[in-house]
$ cat work19.cif   # mmCIF, C-alpha atoms
data_my_file
#
loop_
_atom_site.label_atom_id
_atom_site.label_comp_id
_atom_site.auth_asym_id
_atom_site.auth_seq_id
_atom_site.Cartn_x
_atom_site.Cartn_y
_atom_site.Cartn_z
CA MET A 1 -10.22 -5.82 -21.76
CA THR A 2 -13.18 -5.79 -19.42
CA ALA A 3 -13.87 -5.52 -15.73
CA THR A 4 -16.27 -8.27 -14.62
CA HIS A 5 -17.63 -9.48 -11.33
CA ALA A 6 -19.34 -12.54 -9.92
CA PRO A 7 -23.16 -12.33 -9.95
CA SER A 8 -23.22 -12.73 -6.18
CA ALA A 9 -20.88 -9.78 -5.57
CA PRO A 10 -21.92 -6.14 -5.98
CA ARG A 11 -19.72 -4.17 -8.38
CA LEU A 12 -17.09 -1.76 -7.13
CA ASP A 13 -18.00 1.50 -8.89
CA VAL A 14 -14.54 2.99 -9.29
CA ASP A 15 -15.70 6.12 -11.11
CA ALA A 16 -18.22 6.92 -8.40
CA LEU A 17 -15.44 6.48 -5.84
CA ILE A 18 -12.92 8.78 -7.50
CA ASP A 19 -15.52 11.31 -8.70
CA SER A 20 -16.96 11.88 -5.24
CA PRO A 21 -15.53 15.06 -3.69
CA GLU A 22 -15.94 13.34 -0.31
CA THR A 23 -13.25 10.80 -1.29
CA ARG A 24 -9.94 12.39 -0.31
CA ILE A 25 -7.69 9.36 0.31
CA ILE A 26 -7.55 5.95 -1.40
CA VAL A 27 -5.22 3.35 0.15
CA CYS A 28 -4.31 0.35 -2.03
CA CYS A 29 -3.17 -2.65 0.01
CA GLY A 30 -2.56 -6.33 -0.68
CA ALA A 31 0.07 -9.03 -0.99
CA GLY A 32 3.26 -8.55 -2.95
CA GLY A 33 3.15 -8.86 -6.73
CA VAL A 34 -0.61 -8.43 -7.16
CA GLY A 35 -0.47 -5.09 -9.00
CA LYS A 36 -0.98 -2.56 -6.19
CA THR A 37 1.41 -0.03 -7.72
CA THR A 38 -0.21 -0.27 -11.15
CA THR A 39 -3.69 -0.06 -9.62
CA ALA A 40 -2.75 3.02 -7.57
CA ALA A 41 -1.23 4.75 -10.60
CA ALA A 42 -4.23 3.86 -12.79
CA LEU A 43 -6.65 5.25 -10.19
CA GLY A 44 -4.62 8.46 -9.90
CA LEU A 45 -4.47 8.91 -13.68
CA ARG A 46 -8.18 8.24 -14.16
CA ALA A 47 -9.01 10.65 -11.35
CA ALA A 48 -6.87 13.37 -12.97
CA GLU A 49 -8.52 12.81 -16.34
CA ARG A 50 -11.91 13.18 -14.66
CA GLY A 51 -11.01 16.50 -13.06
CA ARG A 52 -9.35 15.67 -9.72
CA ARG A 53 -6.05 17.11 -8.48
CA ALA A 54 -4.46 13.80 -7.53
CA VAL A 55 -1.14 12.68 -6.09
CA VAL A 56 0.12 9.09 -5.93
CA ILE A 57 2.56 8.12 -3.17
CA THR A 58 4.42 4.83 -3.31
CA VAL A 59 6.73 3.18 -0.79
CA ASP A 60 7.85 0.62 -3.37
CA PRO A 61 11.50 1.29 -4.33
CA ALA A 62 11.01 -0.33 -7.74
CA ARG A 63 10.95 2.09 -10.67
CA ARG A 64 7.75 0.74 -12.21
CA LEU A 65 5.59 3.67 -11.14
CA ALA A 66 7.99 6.33 -12.41
CA GLN A 67 8.44 4.57 -15.75
CA SER A 68 4.74 4.02 -16.33
CA LEU A 69 4.05 7.70 -15.58
CA GLY A 70 6.69 8.89 -18.03
CA LEU A 71 9.13 10.06 -15.35
CA GLU A 72 12.79 9.10 -15.04
CA SER A 73 12.65 8.84 -11.25
CA LEU A 74 10.65 9.70 -8.15
CA ASP A 75 11.76 11.10 -4.81
CA ASN A 76 10.32 12.44 -1.57
CA ALA A 77 8.75 15.49 -3.22
CA PRO A 78 5.67 15.16 -5.47
CA ARG A 79 6.63 15.51 -9.14
CA PRO A 80 4.15 16.63 -11.83
CA VAL A 81 3.23 13.95 -14.35
CA PRO A 82 3.11 15.27 -17.93
CA LEU A 83 -0.48 14.75 -19.13
CA PRO A 84 -2.05 15.57 -22.50
CA GLU A 85 -3.06 19.19 -22.99
CA GLY A 86 -6.64 19.78 -21.98
CA THR A 87 -6.66 17.23 -19.15
CA PRO A 88 -9.20 18.70 -16.70
CA GLY A 89 -7.30 17.69 -13.56
CA GLY A 90 -3.69 17.15 -12.59
CA LEU A 91 -1.45 14.34 -11.37
CA HIS A 92 1.68 14.28 -9.20
CA ALA A 93 3.66 11.27 -7.98
CA MET A 94 6.31 10.63 -5.33
CA MET A 95 8.22 7.81 -3.67
CA LEU A 96 8.60 7.86 0.11
CA ASP A 97 12.10 8.55 1.45
CA MET A 98 11.60 7.56 5.08
CA LYS A 99 14.82 9.18 6.38
CA ARG A 100 14.15 12.47 4.60
CA THR A 101 10.59 12.48 5.97
CA PHE A 102 11.87 11.71 9.48
CA ASP A 103 14.38 14.57 9.15
CA GLU A 104 11.63 16.96 8.03
CA VAL A 105 9.52 16.17 11.09
CA VAL A 106 12.48 16.64 13.44
CA GLU A 107 13.28 19.98 11.80
CA GLU A 108 9.66 21.08 12.13
CA HIS A 109 9.26 20.18 15.81
CA ALA A 110 12.69 21.01 17.25
CA ASP A 111 14.55 24.29 17.49
CA PRO A 112 17.52 24.51 15.08
CA GLU A 113 20.18 23.55 17.65
CA ARG A 114 18.27 20.54 19.00
CA ALA A 115 17.38 19.44 15.49
CA ARG A 116 21.08 19.57 14.58
CA GLN A 117 21.91 17.39 17.60
CA ILE A 118 19.26 14.82 16.70
CA LEU A 119 20.10 14.63 12.99
CA ALA A 120 23.82 14.18 13.73
CA ASN A 121 23.27 11.50 16.37
CA PRO A 122 24.44 8.03 15.19
CA PHE A 123 21.59 6.29 17.02
CA TYR A 124 19.05 8.50 15.26
CA GLN A 125 20.67 7.80 11.89
CA THR A 126 20.23 4.07 12.47
CA LEU A 127 16.68 4.47 13.77
CA SER A 128 15.62 6.63 10.82
CA THR A 129 16.85 4.19 8.19
CA SER A 130 16.48 0.65 9.49
CA PHE A 131 14.30 0.35 12.60
CA SER A 132 11.30 -1.92 12.04
CA GLY A 133 8.20 0.20 11.66
CA THR A 134 9.95 3.44 10.70
CA GLN A 135 8.93 3.17 7.05
CA GLU A 136 5.29 2.64 7.91
CA TYR A 137 5.39 5.43 10.52
CA MET A 138 6.85 7.83 7.96
CA ALA A 139 4.31 6.75 5.35
CA MET A 140 1.63 7.92 7.77
CA GLU A 141 3.56 11.13 8.39
CA LYS A 142 3.89 11.88 4.68
CA LEU A 143 0.21 11.11 4.13
CA GLY A 144 -0.64 13.59 6.89
CA GLN A 145 1.64 16.22 5.34
CA LEU A 146 0.06 15.87 1.91
CA ARG A 147 -3.45 16.00 3.32
CA GLN A 148 -2.68 19.03 5.46
CA SER A 149 -1.14 20.95 2.54
CA GLY A 150 -4.51 21.12 0.77
CA GLU A 151 -2.73 21.11 -2.59
CA TRP A 152 -4.42 17.90 -3.76
CA ASP A 153 -8.03 16.86 -3.41
CA LEU A 154 -7.23 13.14 -3.84
CA ILE A 155 -4.28 11.20 -2.41
CA VAL A 156 -3.70 7.62 -3.61
CA VAL A 157 -1.37 5.53 -1.42
CA ASP A 158 0.47 2.46 -2.71
CA THR A 159 1.45 0.44 0.37
CA PRO A 160 4.36 -1.98 0.95
CA PRO A 161 3.93 -5.61 -0.14
CA SER A 162 2.71 -8.49 2.02
CA ARG A 163 1.16 -8.06 5.45
CA SER A 164 3.45 -5.15 6.24
CA ALA A 165 1.02 -3.19 4.08
CA LEU A 166 -1.09 -2.78 7.21
CA ASP A 167 1.79 -2.28 9.63
CA PHE A 168 1.32 1.46 9.36
CA LEU A 169 -1.81 0.98 11.47
CA ASP A 170 0.43 -0.24 14.31
CA ALA A 171 3.55 1.81 13.58
CA PRO A 172 2.85 4.81 15.86
CA LYS A 173 2.17 2.59 18.87
CA ARG A 174 5.14 0.33 18.12
CA LEU A 175 7.62 3.16 17.65
CA GLY A 176 6.18 4.96 20.65
CA ARG A 177 6.52 1.88 22.85
CA PHE A 178 10.11 1.52 21.75
CA LEU A 179 11.10 5.13 22.37
CA ASP A 180 9.19 5.34 25.64
CA GLY A 181 9.97 1.80 26.82
CA ARG A 182 11.46 0.95 30.17
CA LEU A 183 14.66 -0.44 28.69
CA ILE A 184 15.32 2.68 26.61
CA ARG A 185 14.61 4.89 29.63
CA PHE A 186 16.87 2.77 31.81
CA LEU A 187 19.74 2.73 29.32
CA SER A 188 19.48 6.43 28.57
CA ALA A 189 19.09 7.73 32.13
CA PRO A 190 22.25 9.15 33.71
CA ALA A 191 23.41 7.42 36.88
CA SER A 192 23.01 10.65 38.84
CA THR A 193 19.19 10.70 38.64
CA GLY A 194 17.17 10.12 41.78
CA ALA A 195 16.28 6.47 41.26
CA PHE A 196 19.83 5.55 40.40
CA ARG A 197 21.30 7.51 43.31
CA PHE A 198 19.02 5.49 45.59
CA LEU A 199 20.22 2.21 44.09
CA GLY A 200 23.84 3.36 44.36
CA ALA A 201 26.61 0.89 43.66
CA GLY A 202 24.26 -1.74 42.25
CA VAL A 203 23.48 0.49 39.30
CA ASN A 204 27.14 1.07 38.63
CA LEU A 205 27.56 -2.68 38.28
CA VAL A 206 24.55 -2.90 35.94
CA THR A 207 25.58 0.03 33.76
CA SER A 208 29.10 -1.35 33.60
CA ALA A 209 27.71 -4.65 32.37
CA VAL A 210 25.48 -2.84 29.84
CA ASN A 211 28.49 -0.89 28.58
CA LYS A 212 30.22 -4.18 27.86
CA VAL A 213 27.21 -5.59 26.02
CA VAL A 214 26.11 -2.62 23.89
CA GLY A 215 29.28 -0.54 23.99
CA ALA A 216 29.95 2.68 25.85
CA GLN A 217 29.72 4.78 22.68
CA LEU A 218 26.34 3.36 21.69
CA LEU A 219 25.02 3.95 25.18
CA SER A 220 26.27 7.52 25.04
CA ASP A 221 24.66 8.06 21.64
CA LEU A 222 21.39 6.59 22.94
CA ARG A 223 21.39 8.88 25.97
CA SER A 224 22.07 11.92 23.82
CA PHE A 225 19.36 10.95 21.37
CA VAL A 226 16.64 10.36 23.98
CA SER A 227 17.56 13.57 25.78
CA ALA A 228 17.24 15.63 22.59
CA PHE A 229 14.28 13.72 21.16
CA ASP A 230 12.14 14.07 24.28
CA THR A 231 11.15 17.58 23.21
CA VAL A 232 9.74 16.45 19.84
CA PHE A 233 8.39 13.00 20.71
CA GLY A 234 5.01 14.31 21.83
CA GLY A 235 4.59 16.00 18.45
CA PHE A 236 5.34 12.74 16.67
CA GLN A 237 2.73 10.89 18.65
CA ALA A 238 0.08 13.57 18.22
CA ARG A 239 0.59 13.75 14.45
CA ALA A 240 0.51 9.96 14.07
CA GLU A 241 -2.73 9.77 16.04
CA ARG A 242 -4.30 12.47 13.85
CA THR A 243 -3.30 10.57 10.72
CA TYR A 244 -4.67 7.33 12.18
CA ARG A 245 -8.01 9.04 12.77
CA LEU A 246 -7.83 10.41 9.24
CA LEU A 247 -7.59 6.84 7.93
CA GLN A 248 -10.81 5.99 9.78
CA ALA A 249 -12.67 9.04 8.49
CA PRO A 250 -15.43 8.78 5.85
CA GLY A 251 -13.23 10.54 3.26
CA THR A 252 -10.80 7.60 3.22
CA ALA A 253 -11.35 4.45 1.15
CA PHE A 254 -9.28 1.27 1.33
CA VAL A 255 -9.03 -0.87 -1.81
CA VAL A 256 -7.71 -4.41 -1.31
CA VAL A 257 -5.87 -5.60 -4.42
CA THR A 258 -5.38 -9.29 -5.20
CA VAL A 259 -5.08 -11.85 -8.00
CA PRO A 260 -7.16 -15.03 -8.39
CA ASP A 261 -4.83 -17.50 -6.69
CA THR A 262 -5.02 -19.20 -3.32
CA ASP A 263 -2.25 -17.36 -1.46
CA ALA A 264 -3.14 -13.87 -2.67
CA LEU A 265 -6.84 -14.34 -1.87
CA ARG A 266 -5.94 -15.65 1.59
CA GLU A 267 -3.92 -12.46 2.17
CA ALA A 268 -6.78 -10.37 0.82
CA SER A 269 -9.13 -12.02 3.31
CA TYR A 270 -6.69 -11.15 6.09
CA PHE A 271 -6.60 -7.51 4.97
CA VAL A 272 -10.39 -7.29 4.90
CA ASP A 273 -10.64 -8.73 8.42
CA ARG A 274 -7.91 -6.45 9.74
CA LEU A 275 -9.48 -3.33 8.25
CA ALA A 276 -12.82 -4.22 9.78
CA ALA A 277 -11.19 -4.81 13.18
CA ASP A 278 -9.55 -1.36 13.05
CA GLY A 279 -12.67 0.41 11.83
CA MET A 280 -11.11 1.37 8.49
CA PRO A 281 -13.53 2.11 5.61
CA LEU A 282 -13.28 -0.57 2.91
CA ALA A 283 -14.37 0.45 -0.59
CA GLY A 284 -13.95 -2.95 -2.18
CA LEU A 285 -11.78 -5.61 -3.77
CA VAL A 286 -9.85 -5.40 -7.06
CA VAL A 287 -9.02 -8.76 -8.65
CA ASN A 288 -6.23 -8.32 -11.18
CA ARG A 289 -5.08 -10.71 -13.93
CA ALA A 290 -8.39 -12.51 -14.18
CA HIS A 291 -9.41 -14.60 -17.20
CA PRO A 292 -13.02 -13.75 -18.11
CA LEU A 293 -14.71 -15.63 -20.93
CA PRO A 294 -15.38 -13.81 -24.21
CA ASP A 295 -18.85 -12.47 -24.88
CA GLY A 296 -21.12 -14.28 -27.31
CA ALA A 297 -22.42 -17.78 -27.89
CA GLY A 298 -18.97 -19.32 -27.38
CA ALA A 299 -19.01 -18.26 -23.74
CA ARG A 300 -21.90 -20.69 -23.14
CA LEU A 301 -19.88 -23.67 -24.40
CA THR A 302 -18.69 -25.70 -21.41
CA ALA A 303 -15.24 -27.23 -21.17
CA ALA A 304 -16.65 -30.74 -21.51
CA GLU A 305 -18.63 -29.80 -24.64
CA ALA A 306 -15.56 -28.17 -26.18
CA VAL A 307 -13.45 -31.27 -25.48
CA ARG A 308 -16.07 -33.58 -27.06
CA ALA A 309 -16.33 -31.41 -30.16
CA GLU A 310 -12.54 -31.15 -30.44
CA THR A 311 -12.21 -34.92 -30.15
CA ALA A 312 -14.76 -35.49 -32.90
CA LEU A 313 -12.98 -33.09 -35.26
CA ARG A 314 -9.58 -34.60 -34.49
CA ASP A 315 -10.88 -38.15 -35.08
CA ALA A 316 -12.39 -37.03 -38.37
CA GLY A 317 -9.11 -35.40 -39.38
CA THR A 318 -10.82 -32.17 -40.41
CA HIS A 319 -10.92 -28.51 -39.36
CA SER A 320 -7.58 -28.42 -37.55
CA LEU A 321 -7.94 -24.71 -36.75
CA ALA A 322 -11.36 -25.21 -35.21
CA SER A 323 -9.97 -28.13 -33.23
CA ALA A 324 -7.17 -25.95 -31.83
CA ALA A 325 -9.64 -23.18 -30.97
CA LEU A 326 -11.82 -25.65 -29.08
CA ARG A 327 -8.81 -26.89 -27.08
CA LEU A 328 -7.93 -23.31 -26.12
CA HIS A 329 -11.53 -22.60 -25.20
CA ALA A 330 -11.71 -25.66 -22.94
CA GLU A 331 -8.51 -24.60 -21.17
CA ARG A 332 -9.81 -21.04 -20.74
CA VAL A 333 -13.12 -22.27 -19.30
CA ARG A 334 -11.34 -24.52 -16.79
CA THR A 335 -9.08 -21.63 -15.75
CA ARG A 336 -12.08 -19.35 -15.31
CA GLU A 337 -13.98 -21.95 -13.28
CA HIS A 338 -10.96 -22.47 -11.01
CA GLU A 339 -10.60 -18.71 -10.43
CA ALA A 340 -14.33 -18.38 -9.76
CA ARG A 341 -14.22 -21.15 -7.14
CA LEU A 342 -11.30 -19.51 -5.34
CA ARG A 343 -12.84 -16.06 -5.41
CA ASN A 344 -16.30 -17.19 -4.38
CA ARG A 345 -14.82 -19.13 -1.47
CA MET A 346 -13.16 -15.93 -0.25
CA LEU A 347 -16.29 -13.83 -0.86
CA SER A 348 -18.44 -16.32 1.08
CA HIS A 349 -16.58 -15.14 4.19
CA HIS A 350 -16.99 -11.45 3.30
CA ARG A 351 -20.50 -11.09 1.96
CA GLY A 352 -21.42 -7.75 0.46
CA ILE A 353 -17.88 -6.69 -0.43
CA ARG A 354 -17.78 -4.81 -3.73
CA VAL A 355 -15.60 -6.30 -6.48
CA ALA A 356 -14.00 -5.18 -9.74
CA GLU A 357 -12.05 -7.55 -11.97
CA VAL A 358 -9.33 -6.60 -14.42
CA ALA A 359 -8.48 -9.08 -17.15
CA ALA A 360 -4.89 -10.23 -17.62
CA LEU A 361 -2.97 -8.20 -20.19
CA PRO A 362 -0.66 -9.77 -22.78
CA GLU A 363 2.23 -7.58 -21.52
CA ASP A 364 3.23 -5.46 -18.53
CA VAL A 365 2.01 -1.89 -18.18
CA HIS A 366 4.85 0.53 -18.92
CA ASP A 367 3.27 3.82 -20.00
CA LEU A 368 0.26 6.14 -19.58
CA ALA A 369 -1.67 4.33 -22.30
CA GLY A 370 -1.39 1.08 -20.37
CA LEU A 371 -2.45 2.78 -17.13
CA ARG A 372 -5.38 4.34 -18.96
CA THR A 373 -6.44 0.87 -20.14
CA ILE A 374 -6.27 -0.46 -16.58
CA GLY A 375 -8.28 2.51 -15.31
CA ALA A 376 -10.97 1.92 -17.92
CA ALA A 377 -11.09 -1.77 -17.03
CA LEU A 378 -11.47 -0.95 -13.33
CA ALA A 379 -14.41 1.31 -14.11
CA ASP A 380 -16.09 -0.84 -16.76
CA GLY A 381 -19.44 -2.07 -15.52
#
$ encode --input "work19.cif" --output "structure tokens"
Amino acid sequence: MTATHAPSAPRLDVDALIDSPETRIIVCCGAGGVGKTTTAAALGLRAAERGRRAVVITVDPARRLAQSLGLESLDNAPRPVPLPEGTPGGLHAMMLDMKRTFDEVVEEHADPERARQILANPFYQTLSTSFSGTQEYMAMEKLGQLRQSGEWDLIVVDTPPSRSALDFLDAPKRLGRFLDGRLIRFLSAPASTGAFRFLGAGVNLVTSAVNKVVGAQLLSDLRSFVSAFDTVFGGFQARAERTYRLLQAPGTAFVVVTVPDTDALREASYFVDRLAADGMPLAGLVVNRAHPLPDGAGARLTAAEAVRAETALRDAGTHSLASAALRLHAERVRTREHEARLRNRMLSHHRGIRVAEVAALPEDVHDLAGLRTIGAALADG
């Protein structure tokens, strides 16, 4: 298994990236099903085996990461990964529990009585488990917590699939706009406040209508939540902004993960553009499940030449094994040429981006040995 790259693209030096003490955060992003979780775990394992104290955080509820690391399950607290004796570094892993993380932040910023009120509020319980953007917001919060703890010198983040992988860049603003929006303020304000007293009976008609639409109990829960949450909201915003700046800092490196097909490369191109627009530091592109040609003289045999030779052998009725090998070689060359065209088309729009390729494996990665193989392939120059 080798890591290769197009001649026109500089190589992504993975070992230099993870060995550098300046690299403190690596964020793996990309479309769904391209191997982000495996890539993140492989980077964390290789970093640990090269002396780093690494932690991998995933927001993917699938159990692939836990199983490949030799753990039965993962939760919101980093768990040590059992590594061979003598490993110079260390590795922990965790899976984001967005509600537990939200609860932790509330408990940290509010006094015990106000925290109890917020955590018991039905509106908060819905917000903390299902509101769009909460998961990404809490991923940023957990990243900030891990970085602030100082316990690890490298944090590897496995992001959600599809374009939501970059939603955490917008999450603080989106959640802030929601909680501080005019509608929320209107619905949560008691009718006795100054503005409403001025409007008088008209407001009573409006609030009565709102009660019918959203329900009196929900409106009451919303008012109670906003009243209690006001005291901690500023802390949420400040922490999210600090984490956002942390993502833009030189110690952070984004790795866009893809596979050599049209849709995934189109998504990868979107990620690269979006990162550039937000001023996020891009380390490079990882192309998983590629089909490089074998080394040696056979690699110089074109698909057309292989087909002609196979046809001659078949017509002569001899060397059936050689004929089959030539057919397979022609198919492999055509696959490689197709992948190269797709990748080079994407790279023509993003000149200078560093690339590492990982060849397709015959089976899924399910243990540390498989992750170690992926890590070696990522670093192979």
$ residues_around --input "work19.cif" --residues "stretch 94-105 of chain A" --least-positions-apart "2" --cutoff "7 Å" --atoms "only C-alpha atoms" --output "PyMOL selection string"
chain A and resi 56-59+74-79+107-109+119+128-129+135+138-139+142
$ resolve_selection --input "work19.cif" --expression "the PyMOL selection byres ((chain A and resi 22-37) around 6)" --output "VMD selection string"
chain A and resid 20 to 21 38 to 40 153 to 159 161 to 162 165 251 to 259
$ closest_residue --input "work19.cif" --among "A:Val55, A:Met140, A:Ala340, A:Ala324" --to "A:Ala9" --atoms "all atoms listed in the file"
A:Ala340
$ residues_around --input "work19.cif" --residues "A:Leu378" --least-positions-apart "4" --cutoff "10 Å" --atoms "all atoms listed in the file" --output "list of chain:residue names"
A:Met1, A:Thr2, A:Ala3, A:Thr4, A:Leu12, A:Asp13, A:Val14, A:Asp15, A:Thr39, A:Ala42, A:Leu43, A:Arg46, A:Val286, A:Val287, A:Asn288, A:Val355, A:Ala356, A:Glu357, A:Val358, A:Ala359, A:Arg372, A:Thr373, A:Ile374
$ atom_distance --input "work19.cif" --atom1 "atom CA of A:Glu241" --atom2 "atom CA of A:Arg147"
14.2 Å
